[in-house]
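Participant: Would you mind keeping the following structure in view while I ask a few things?
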Protein chains: 2
Amino acid sequence: MKKDYIYNVIKNSQTSLTAEDIYNNVSQNIDVNLSTVYRTLNNLVNKNLVNKVVRQDKIAYYELAQDTHKHYLICDKCNCAFPTQMCTIDKIANKIKKETGFNITSHTLEFHGICQNCLKNAK
Amino acid sequence: MKKDYIYNVIKNSQTSLTAEDIYNNVSQNIDVNLSTVYRTLNNLVNKNLVNKVVRQDKIAYYELAQDTHKHYLICDKCNCAFPTQMCTIDKIANKIKKETGFNITSHTLEFHGICQNCLKNAK
DNA sequence: GTGTACTTGCAAATGATTTGCGTATTTAGG
DNA sequence: CCTAAATACGCAAATCATTTGCAAGTACAC
């Protein structure tokens with residue numbers, strides 16, 4: 001099934017991918033329709049095999065759910081994204097939980113700025 | 001100008017608003033077109049008078065730029081949003097800056113879960 | 001084998017947001 | 001006050017990522 005191809009692309013990727021990234025990648029090997037990619041992606045997300053995160057650019061990015069919890073440094077110039085694992089949000093989340101009673105189950109964190117490459121090139 | 005009406009709605013709001021929220025609110029008093037709202041909103045964002053944040057629901061939310069730095073607790077059931085000012089991200093950001101050289105200029109943080117009301121009603 | 005349940009492709013629909021374009025309205029300079 | 005250049009608007013059509021309806025294809029159960 002095409003589902004497996006799609007899942008593998010995500011599994012073998014170092015970064016999070018857009019539906020289009022995945023479509024392009026899978027298309028190199030097999031015929032597949034974009035809507036199939038979207039449908040499959042939604043299935044995988046529902047089964048908690050894949051995480052979906054909507055970024056400020058309004059595009060959804062997908063990555064393996066069992067990956068170590070990651071957040072991205074997104075360059076506003078070249079739009080590249082570096083993952084970082086520094087995340088002390090859980091502490092904050094716990095504090096908020098206790099103080100407000102809001103039952104936090106997940107969070108998204110996105111850093112924006114300019115990456116080293118773009119900083120260099122700007123000179 | 002309608003710009004002022006739009007700006008005031010944002011200014012007088014306790015929470016961040018969508019373009020549609022703003023449109024509905026302004027429409028109660030004066031005639032205005034949705035595209036005018038969007039255009040004005042973009043102007044205000046460019047002038048740094050208003051901040052725009054795209055949430056996981058893929059909708060842009062707007063709030064006064066000079067507001068104290070806020071993040072929202074978003075209920076996945078009723079979609080309500082409570083602001084919280086607990087934010088120690090700047091420390092993390094500085095650490096990342098030093099260790100990676102990525103020049104972070106801003107960040108977005110969004111907590112998801114179930115609010116107290118929905119927790120109650122679920123019982 | 002026959003049915004029932006997924007899986008797919010294709011084309012059309014969505015929904016938030018943007019844009020082109022022609023018309024008002026504001027603002028600056030004389 | 002008066003005209004020109006700059007903005008602000010309204011309206012309709014366009015975008016673009018994503019979803020959906022529908023009909024055909026494929027898989028697996030009994």
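In the structure tokens, chains take the letters A, B, ... in the order shown, each chain's residues start at 1, and ligands count up from 1 in the order shown.
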Within 12 Å of chain D, which residues belong to chain A? Use only C-alpha atoms (C1' of nucleotides) and report them as a list in words.

Facilitator: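 Matching residues, ligands excluded from the count: Met1, Thr18, Ala19, Glu20, Leu34, Ser35, Thr36, Val37, Tyr38, Arg39, Leu41, Asn42, Val54, Asp57, Lys58, Ile59, Ala60 and Tyr61 of chain A.
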
Participant: Filtering to C-alpha atoms, could you give me those residues as a PDB file, in the first residue's frame?

Facilitator:
ATOM      1  CA  MET A   1       0.000   0.000   0.000  1.00  0.00           C
ATOM      2  CA  THR A  18       5.284  19.225   4.205  1.00  0.00           C
ATOM      3  CA  ALA A  19       2.648  17.221   2.375  1.00  0.00           C
ATOM      4  CA  GLU A  20       4.189  18.466  -0.850  1.00  0.00           C
ATOM      5  CA  LEU A  34      -1.715  14.396  -3.728  1.00  0.00           C
ATOM      6  CA  SER A  35      -5.063  13.786  -2.062  1.00  0.00           C
ATOM      7  CA  THR A  36      -3.934  10.286  -1.180  1.00  0.00           C
ATOM      8  CA  VAL A  37      -0.942  11.807   0.542  1.00  0.00           C
ATOM      9  CA  TYR A  38      -3.143  14.157   2.522  1.00  0.00           C
ATOM     10  CA  ARG A  39      -5.582  11.413   3.408  1.00  0.00           C
ATOM     11  CA  LEU A  41      -1.188  11.774   6.496  1.00  0.00           C
ATOM     12  CA  ASN A  42      -4.406  12.440   8.358  1.00  0.00           C
ATOM     13  CA  VAL A  54       1.139  24.095  11.640  1.00  0.00           C
ATOM     14  CA  ASP A  57       3.757  30.116   7.313  1.00  0.00           C
ATOM     15  CA  LYS A  58       0.373  28.374   7.556  1.00  0.00           C
ATOM     16  CA  ILE A  59       1.727  25.162   6.148  1.00  0.00           C
ATOM     17  CA  ALA A  60       1.469  21.878   8.013  1.00  0.00           C
ATOM     18  CA  TYR A  61       4.683  19.978   8.720  1.00  0.00           C
TER      19      TYR A  61
END

Participant: Need the shell around range 79-83 of chain A: protein/DNA/RNA residues with any atom at most 12 Å away, counting only C-alpha atoms (C1' of nucleotides). Skip same-chain ones fewer than 3 positions apart. Format as a PyMOL selection string?

Facilitator: (chain A and resi 14-17+55-57+61+63+67-76+86-87+109-118) or (chain B and resi 96+100-102+104)

Participant: Give the strand (DSSP E) residues of chain B, as DSSP finds them on the backbone, and put them as a PDB file with N, CA and C atoms, in the first residue's frame.

Facilitator:
ATOM      1  N   LEU B  17      -7.700  38.278  18.527  1.00  0.00           N
ATOM      2  CA  LEU B  17      -8.892  38.162  17.695  1.00  0.00           C
ATOM      3  C   LEU B  17      -8.547  37.700  16.284  1.00  0.00           C
ATOM      4  N   THR B  18      -9.506  37.043  15.651  1.00  0.00           N
ATOM      5  CA  THR B  18      -9.330  36.693  14.243  1.00  0.00           C
ATOM      6  C   THR B  18      -9.818  37.861  13.396  1.00  0.00           C
ATOM      7  N   VAL B  50       0.561  45.861  15.688  1.00  0.00           N
ATOM      8  CA  VAL B  50      -0.237  44.671  15.984  1.00  0.00           C
ATOM      9  C   VAL B  50       0.594  43.430  15.703  1.00  0.00           C
ATOM     10  N   ASN B  51       0.429  42.417  16.548  1.00  0.00           N
ATOM     11  CA  ASN B  51       1.102  41.146  16.305  1.00  0.00           C
ATOM     12  C   ASN B  51       0.146  40.139  15.707  1.00  0.00           C
ATOM     13  N   LYS B  52       0.664  39.354  14.774  1.00  0.00           N
ATOM     14  CA  LYS B  52      -0.131  38.315  14.132  1.00  0.00           C
ATOM     15  C   LYS B  52       0.477  36.972  14.482  1.00  0.00           C
ATOM     16  N   VAL B  53      -0.346  36.059  14.930  1.00  0.00           N
ATOM     17  CA  VAL B  53       0.139  34.715  15.239  1.00  0.00           C
ATOM     18  C   VAL B  53      -0.764  33.687  14.599  1.00  0.00           C
ATOM     19  N   VAL B  54      -0.186  32.788  13.832  1.00  0.00           N
ATOM     20  CA  VAL B  54      -0.948  31.712  13.212  1.00  0.00           C
ATOM     21  C   VAL B  54      -0.977  30.524  14.157  1.00  0.00           C
ATOM     22  N   ALA B  60      -5.212  33.040  11.576  1.00  0.00           N
ATOM     23  CA  ALA B  60      -4.354  34.071  12.151  1.00  0.00           C
ATOM     24  C   ALA B  60      -5.097  34.816  13.251  1.00  0.00           C
ATOM     25  N   TYR B  61      -4.409  35.059  14.357  1.00  0.00           N
ATOM     26  CA  TYR B  61      -4.982  35.818  15.470  1.00  0.00           C
ATOM     27  C   TYR B  61      -4.173  37.082  15.655  1.00  0.00           C
ATOM     28  N   TYR B  62      -4.865  38.176  15.956  1.00  0.00           N
ATOM     29  CA  TYR B  62      -4.208  39.468  16.074  1.00  0.00           C
ATOM     30  C   TYR B  62      -4.372  40.030  17.475  1.00  0.00           C
ATOM     31  N   GLU B  63      -3.316  40.696  17.964  1.00  0.00           N
ATOM     32  CA  GLU B  63      -3.408  41.372  19.256  1.00  0.00           C
ATOM     33  C   GLU B  63      -2.470  42.565  19.271  1.00  0.00           C
ATOM     34  N   LEU B  64      -2.702  43.463  20.188  1.00  0.00           N
ATOM     35  CA  LEU B  64      -1.867  44.655  20.304  1.00  0.00           C
ATOM     36  C   LEU B  64      -0.406  44.276  20.482  1.00  0.00           C
ATOM     37  N   HIS B  71       1.226  34.071  26.010  1.00  0.00           N
ATOM     38  CA  HIS B  71       1.003  32.850  25.249  1.00  0.00           C
ATOM     39  C   HIS B  71      -0.355  32.332  25.655  1.00  0.00           C
ATOM     40  N   TYR B  72      -0.945  31.465  24.838  1.00  0.00           N
ATOM     41  CA  TYR B  72      -2.322  31.057  25.108  1.00  0.00           C
ATOM     42  C   TYR B  72      -2.458  29.581  25.436  1.00  0.00           C
ATOM     43  N   LEU B  73      -3.411  29.326  26.349  1.00  0.00           N
ATOM     44  CA  LEU B  73      -3.801  27.958  26.643  1.00  0.00           C
ATOM     45  C   LEU B  73      -5.054  27.718  25.811  1.00  0.00           C
ATOM     46  N   ILE B  74      -4.974  26.847  24.838  1.00  0.00           N
ATOM     47  CA  ILE B  74      -6.077  26.669  23.905  1.00  0.00           C
ATOM     48  C   ILE B  74      -6.788  25.350  24.147  1.00  0.00           C
ATOM     49  N   CYS B  75      -8.065  25.428  24.385  1.00  0.00           N
ATOM     50  CA  CYS B  75      -8.824  24.209  24.661  1.00  0.00           C
ATOM     51  C   CYS B  75      -9.190  23.520  23.354  1.00  0.00           C
ATOM     52  N   ALA B  81      -9.490  30.336  24.529  1.00  0.00           N
ATOM     53  CA  ALA B  81      -8.059  30.585  24.740  1.00  0.00           C
ATOM     54  C   ALA B  81      -7.828  31.474  25.947  1.00  0.00           C
ATOM     55  N   PHE B  82      -7.087  30.982  26.919  1.00  0.00           N
ATOM     56  CA  PHE B  82      -6.719  31.779  28.077  1.00  0.00           C
ATOM     57  C   PHE B  82      -5.294  32.258  27.923  1.00  0.00           C
ATOM     58  N   PRO B  83      -5.043  33.529  28.145  1.00  0.00           N
ATOM     59  CA  PRO B  83      -3.665  33.993  28.071  1.00  0.00           C
ATOM     60  C   PRO B  83      -2.895  33.631  29.344  1.00  0.00           C
ATOM     61  N   THR B  84      -1.619  33.424  29.193  1.00  0.00           N
ATOM     62  CA  THR B  84      -0.762  33.233  30.367  1.00  0.00           C
ATOM     63  C   THR B  84       0.494  34.034  30.138  1.00  0.00           C
ATOM     64  N   ASN B 103      20.299  33.510  15.103  1.00  0.00           N
ATOM     65  CA  ASN B 103      19.881  34.776  15.720  1.00  0.00           C
ATOM     66  C   ASN B 103      18.373  34.862  15.931  1.00  0.00           C
ATOM     67  N   ILE B 104      17.917  34.365  17.047  1.00  0.00           N
ATOM     68  CA  ILE B 104      16.481  34.314  17.320  1.00  0.00           C
ATOM     69  C   ILE B 104      15.917  35.703  17.599  1.00  0.00           C
ATOM     70  N   THR B 105      14.851  36.041  16.876  1.00  0.00           N
ATOM     71  CA  THR B 105      14.246  37.362  17.084  1.00  0.00           C
ATOM     72  C   THR B 105      12.846  37.265  17.693  1.00  0.00           C
ATOM     73  N   SER B 106      12.230  36.127  17.559  1.00  0.00           N
ATOM     74  CA  SER B 106      10.898  35.975  18.159  1.00  0.00           C
ATOM     75  C   SER B 106      10.565  34.498  18.326  1.00  0.00           C
ATOM     76  N   HIS B 107       9.501  34.247  19.011  1.00  0.00           N
ATOM     77  CA  HIS B 107       9.070  32.851  19.144  1.00  0.00           C
ATOM     78  C   HIS B 107       7.568  32.792  19.335  1.00  0.00           C
ATOM     79  N   THR B 108       7.011  31.641  19.075  1.00  0.00           N
ATOM     80  CA  THR B 108       5.592  31.425  19.356  1.00  0.00           C
ATOM     81  C   THR B 108       5.481  30.174  20.208  1.00  0.00           C
ATOM     82  N   LEU B 109       4.578  30.216  21.140  1.00  0.00           N
ATOM     83  CA  LEU B 109       4.376  29.080  22.046  1.00  0.00           C
ATOM     84  C   LEU B 109       2.879  28.937  22.245  1.00  0.00           C
ATOM     85  N   GLU B 110       2.422  27.713  22.119  1.00  0.00           N
ATOM     86  CA  GLU B 110       0.986  27.464  22.192  1.00  0.00           C
ATOM     87  C   GLU B 110       0.780  26.210  23.027  1.00  0.00           C
ATOM     88  N   PHE B 111      -0.051  26.300  24.057  1.00  0.00           N
ATOM     89  CA  PHE B 111      -0.352  25.117  24.853  1.00  0.00           C
ATOM     90  C   PHE B 111      -1.721  24.575  24.453  1.00  0.00           C
ATOM     91  N   HIS B 112      -1.800  23.263  24.288  1.00  0.00           N
ATOM     92  CA  HIS B 112      -3.092  22.657  23.964  1.00  0.00           C
ATOM     93  C   HIS B 112      -3.527  21.711  25.062  1.00  0.00           C
ATOM     94  N   GLY B 113      -4.819  21.580  25.227  1.00  0.00           N
ATOM     95  CA  GLY B 113      -5.333  20.668  26.229  1.00  0.00           C
ATOM     96  C   GLY B 113      -6.821  20.875  26.398  1.00  0.00           C
ATOM     97  N   ILE B 114      -7.307  20.614  27.606  1.00  0.00           N
ATOM     98  CA  ILE B 114      -8.738  20.766  27.866  1.00  0.00           C
ATOM     99  C   ILE B 114      -8.915  21.752  29.016  1.00  0.00           C
TER     100      ILE B 114
END

Participant: May I have a table of the residues of chain C lying at most 9 Å from chain B, giving each one's closest pair of atoms and their distance in Å to one decimal, counting only C-alpha atoms (C1' of nucleotides), ordered by chain and ascending residue number, as CSV?

Facilitator:
residue,atom,partner,partner_atom,distance
C:DA16,C1',B:Ile59,CA,7.1
C:DT17,C1',B:Tyr38,CA,7.6
C:DT18,C1',B:Ser35,CA,8.3

Participant: All in-order C-alpha pairs, least squares, chain B moved onto chain A. Output the fitted coordinates as a PDB file with C-alpha atoms, in the first residue's frame, please.

Facilitator:
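For reference, selection-v1.pdb as written:
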ATOM      1  CA  MET B   1       0.167   0.042  -0.112  1.00  0.00           C
ATOM      2  CA  LYS B   2       1.169   3.621  -0.736  1.00  0.00           C
ATOM      3  CA  LYS B   3       0.655   4.270   2.928  1.00  0.00           C
ATOM      4  CA  ASP B   4       3.890   2.458   3.649  1.00  0.00           C
ATOM      5  CA  TYR B   5       5.841   4.515   1.142  1.00  0.00           C
ATOM      6  CA  ILE B   6       4.531   7.672   2.701  1.00  0.00           C
ATOM      7  CA  TYR B   7       5.246   6.517   6.207  1.00  0.00           C
ATOM      8  CA  ASN B   8       8.787   5.531   5.260  1.00  0.00           C
ATOM      9  CA  VAL B   9       9.554   8.911   3.764  1.00  0.00           C
ATOM     10  CA  ILE B  10       8.643  10.496   7.070  1.00  0.00           C
ATOM     11  CA  LYS B  11      10.538   7.862   8.985  1.00  0.00           C
ATOM     12  CA  ASN B  12      13.714   8.345   6.991  1.00  0.00           C
ATOM     13  CA  SER B  13      13.659  12.109   7.077  1.00  0.00           C
ATOM     14  CA  GLN B  14      15.824  14.102   9.437  1.00  0.00           C
ATOM     15  CA  THR B  15      13.458  17.050   9.493  1.00  0.00           C
ATOM     16  CA  SER B  16       9.723  17.578   9.432  1.00  0.00           C
ATOM     17  CA  LEU B  17       8.148  17.586   5.988  1.00  0.00           C
ATOM     18  CA  THR B  18       5.221  19.226   4.252  1.00  0.00           C
ATOM     19  CA  ALA B  19       2.612  17.204   2.392  1.00  0.00           C
ATOM     20  CA  GLU B  20       4.153  18.479  -0.816  1.00  0.00           C
ATOM     21  CA  ASP B  21       7.656  17.413   0.232  1.00  0.00           C
ATOM     22  CA  ILE B  22       6.296  13.957   0.859  1.00  0.00           C
ATOM     23  CA  TYR B  23       4.360  13.931  -2.386  1.00  0.00           C
ATOM     24  CA  ASN B  24       7.441  14.900  -4.393  1.00  0.00           C
ATOM     25  CA  ASN B  25       9.544  12.308  -2.681  1.00  0.00           C
ATOM     26  CA  VAL B  26       7.085   9.457  -3.063  1.00  0.00           C
ATOM     27  CA  SER B  27       6.356  10.418  -6.667  1.00  0.00           C
ATOM     28  CA  GLN B  28       9.941   9.638  -7.620  1.00  0.00           C
ATOM     29  CA  ASN B  29       9.270   5.978  -7.017  1.00  0.00           C
ATOM     30  CA  ILE B  30       5.584   5.362  -7.496  1.00  0.00           C
ATOM     31  CA  ASP B  31       2.498   7.019  -8.907  1.00  0.00           C
ATOM     32  CA  VAL B  32       0.538   8.717  -6.186  1.00  0.00           C
ATOM     33  CA  ASN B  33      -2.091  11.412  -5.941  1.00  0.00           C
ATOM     34  CA  LEU B  34      -1.721  14.447  -3.722  1.00  0.00           C
ATOM     35  CA  SER B  35      -5.058  13.789  -2.073  1.00  0.00           C
ATOM     36  CA  THR B  36      -3.905  10.305  -1.210  1.00  0.00           C
ATOM     37  CA  VAL B  37      -0.917  11.814   0.525  1.00  0.00           C
ATOM     38  CA  TYR B  38      -3.147  14.118   2.530  1.00  0.00           C
ATOM     39  CA  ARG B  39      -5.564  11.349   3.389  1.00  0.00           C
ATOM     40  CA  THR B  40      -2.811   9.013   4.458  1.00  0.00           C
ATOM     41  CA  LEU B  41      -1.183  11.735   6.476  1.00  0.00           C
ATOM     42  CA  ASN B  42      -4.417  12.338   8.343  1.00  0.00           C
ATOM     43  CA  ASN B  43      -4.744   8.647   9.060  1.00  0.00           C
ATOM     44  CA  LEU B  44      -1.223   8.467  10.426  1.00  0.00           C
ATOM     45  CA  VAL B  45      -1.846  11.499  12.590  1.00  0.00           C
ATOM     46  CA  ASN B  46      -5.046   9.978  13.970  1.00  0.00           C
ATOM     47  CA  LYS B  47      -3.199   6.803  14.799  1.00  0.00           C
ATOM     48  CA  ASN B  48      -0.574   8.870  16.590  1.00  0.00           C
ATOM     49  CA  LEU B  49       2.140   7.546  14.337  1.00  0.00           C
ATOM     50  CA  VAL B  50       2.857  10.976  12.954  1.00  0.00           C
ATOM     51  CA  ASN B  51       2.728  14.451  14.446  1.00  0.00           C
ATOM     52  CA  LYS B  52       1.339  17.407  12.553  1.00  0.00           C
ATOM     53  CA  VAL B  53       2.364  20.945  13.388  1.00  0.00           C
ATOM     54  CA  VAL B  54       1.054  24.063  11.693  1.00  0.00           C
ATOM     55  CA  ARG B  55       3.737  26.722  11.482  1.00  0.00           C
ATOM     56  CA  GLN B  56       3.469  30.477  11.141  1.00  0.00           C
ATOM     57  CA  ASP B  57       3.675  30.080   7.376  1.00  0.00           C
ATOM     58  CA  LYS B  58       0.289  28.332   7.631  1.00  0.00           C
ATOM     59  CA  ILE B  59       1.644  25.127   6.204  1.00  0.00           C
ATOM     60  CA  ALA B  60       1.384  21.832   8.059  1.00  0.00           C
ATOM     61  CA  TYR B  61       4.612  19.945   8.756  1.00  0.00           C
ATOM     62  CA  TYR B  62       4.725  16.255   9.564  1.00  0.00           C
ATOM     63  CA  GLU B  63       7.244  14.186  11.506  1.00  0.00           C
ATOM     64  CA  LEU B  64       7.465  10.824  13.209  1.00  0.00           C
ATOM     65  CA  ALA B  65       5.518  10.798  16.438  1.00  0.00           C
ATOM     66  CA  GLN B  66       8.035   8.738  18.346  1.00  0.00           C
ATOM     67  CA  ASP B  67      10.785  11.200  17.636  1.00  0.00           C
ATOM     68  CA  THR B  68      12.346  12.864  20.586  1.00  0.00           C
ATOM     69  CA  HIS B  69      10.398  15.982  21.380  1.00  0.00           C
ATOM     70  CA  LYS B  70      11.719  18.683  19.068  1.00  0.00           C
ATOM     71  CA  HIS B  71      11.223  22.317  18.292  1.00  0.00           C
ATOM     72  CA  TYR B  72      12.503  24.188  15.266  1.00  0.00           C
ATOM     73  CA  LEU B  73      14.609  27.242  14.655  1.00  0.00           C
ATOM     74  CA  ILE B  74      13.073  28.709  11.520  1.00  0.00           C
ATOM     75  CA  CYS B  75      14.961  31.191   9.411  1.00  0.00           C
ATOM     76  CA  ASP B  76      12.738  34.009   8.193  1.00  0.00           C
ATOM     77  CA  LYS B  77      14.994  34.566   5.189  1.00  0.00           C
ATOM     78  CA  CYS B  78      15.655  31.174   3.673  1.00  0.00           C
ATOM     79  CA  ASN B  79      12.938  29.359   5.575  1.00  0.00           C
ATOM     80  CA  CYS B  80      15.234  26.556   6.608  1.00  0.00           C
ATOM     81  CA  ALA B  81      14.505  24.802   9.892  1.00  0.00           C
ATOM     82  CA  PHE B  82      16.972  23.423  12.418  1.00  0.00           C
ATOM     83  CA  PRO B  83      15.654  21.146  15.119  1.00  0.00           C
ATOM     84  CA  THR B  84      16.601  21.732  18.729  1.00  0.00           C
ATOM     85  CA  GLN B  85      15.886  19.516  21.647  1.00  0.00           C
ATOM     86  CA  MET B  86      16.282  22.119  24.302  1.00  0.00           C
ATOM     87  CA  CYS B  87      12.872  22.187  25.826  1.00  0.00           C
ATOM     88  CA  THR B  88      12.058  22.985  29.385  1.00  0.00           C
ATOM     89  CA  ILE B  89       8.466  23.788  28.572  1.00  0.00           C
ATOM     90  CA  ASP B  90       7.224  20.793  30.492  1.00  0.00           C
ATOM     91  CA  LYS B  91       8.199  22.510  33.717  1.00  0.00           C
ATOM     92  CA  ILE B  92       6.281  25.600  32.710  1.00  0.00           C
ATOM     93  CA  ALA B  93       3.344  23.468  31.629  1.00  0.00           C
ATOM     94  CA  ASN B  94       3.209  21.732  34.981  1.00  0.00           C
ATOM     95  CA  LYS B  95       3.288  25.036  36.782  1.00  0.00           C
ATOM     96  CA  ILE B  96       0.425  26.350  34.675  1.00  0.00           C
ATOM     97  CA  LYS B  97      -1.534  23.158  35.222  1.00  0.00           C
ATOM     98  CA  LYS B  98      -1.243  23.543  38.961  1.00  0.00           C
ATOM     99  CA  GLU B  99      -1.983  27.233  39.082  1.00  0.00           C
ATOM    100  CA  THR B 100      -4.843  27.408  36.603  1.00  0.00           C
ATOM    101  CA  GLY B 101      -6.359  23.935  36.418  1.00  0.00           C
ATOM    102  CA  PHE B 102      -6.087  23.964  32.647  1.00  0.00           C
ATOM    103  CA  ASN B 103      -5.195  20.426  31.624  1.00  0.00           C
ATOM    104  CA  ILE B 104      -2.341  20.887  29.181  1.00  0.00           C
ATOM    105  CA  THR B 105      -1.755  17.903  26.922  1.00  0.00           C
ATOM    106  CA  SER B 106       0.630  19.311  24.351  1.00  0.00           C
ATOM    107  CA  HIS B 107       2.378  22.425  23.201  1.00  0.00           C
ATOM    108  CA  THR B 108       4.029  23.916  20.163  1.00  0.00           C
ATOM    109  CA  LEU B 109       7.059  26.159  20.229  1.00  0.00           C
ATOM    110  CA  GLU B 110       8.621  27.840  17.253  1.00  0.00           C
ATOM    111  CA  PHE B 111      11.674  30.088  17.197  1.00  0.00           C
ATOM    112  CA  HIS B 112      12.056  32.647  14.430  1.00  0.00           C
ATOM    113  CA  GLY B 113      15.100  34.577  13.374  1.00  0.00           C
ATOM    114  CA  ILE B 114      17.972  34.476  10.919  1.00  0.00           C
ATOM    115  CA  CYS B 115      20.190  31.431  10.473  1.00  0.00           C
ATOM    116  CA  GLN B 116      23.965  31.637  10.336  1.00  0.00           C
ATOM    117  CA  ASN B 117      24.073  31.207   6.561  1.00  0.00           C
ATOM    118  CA  CYS B 118      21.791  34.127   5.958  1.00  0.00           C
ATOM    119  CA  LEU B 119      23.685  36.191   8.483  1.00  0.00           C
ATOM    120  CA  LYS B 120      26.884  35.511   6.551  1.00  0.00           C
ATOM    121  CA  ASN B 121      25.345  36.204   3.158  1.00  0.00           C
ATOM    122  CA  ALA B 122      23.873  39.458   4.363  1.00  0.00           C
ATOM    123  CA  LYS B 123      27.317  40.929   4.858  1.00  0.00           C
TER     124      LYS B 123
END

Participant: To test your reading of the structure, identify every residue in chain A that backbone DSSP assigns to alpha helix (DSSP H), and report it as number ranges by chain.

Facilitator: A: 2-12, 19-27, 34-46, 89-100, 116-122
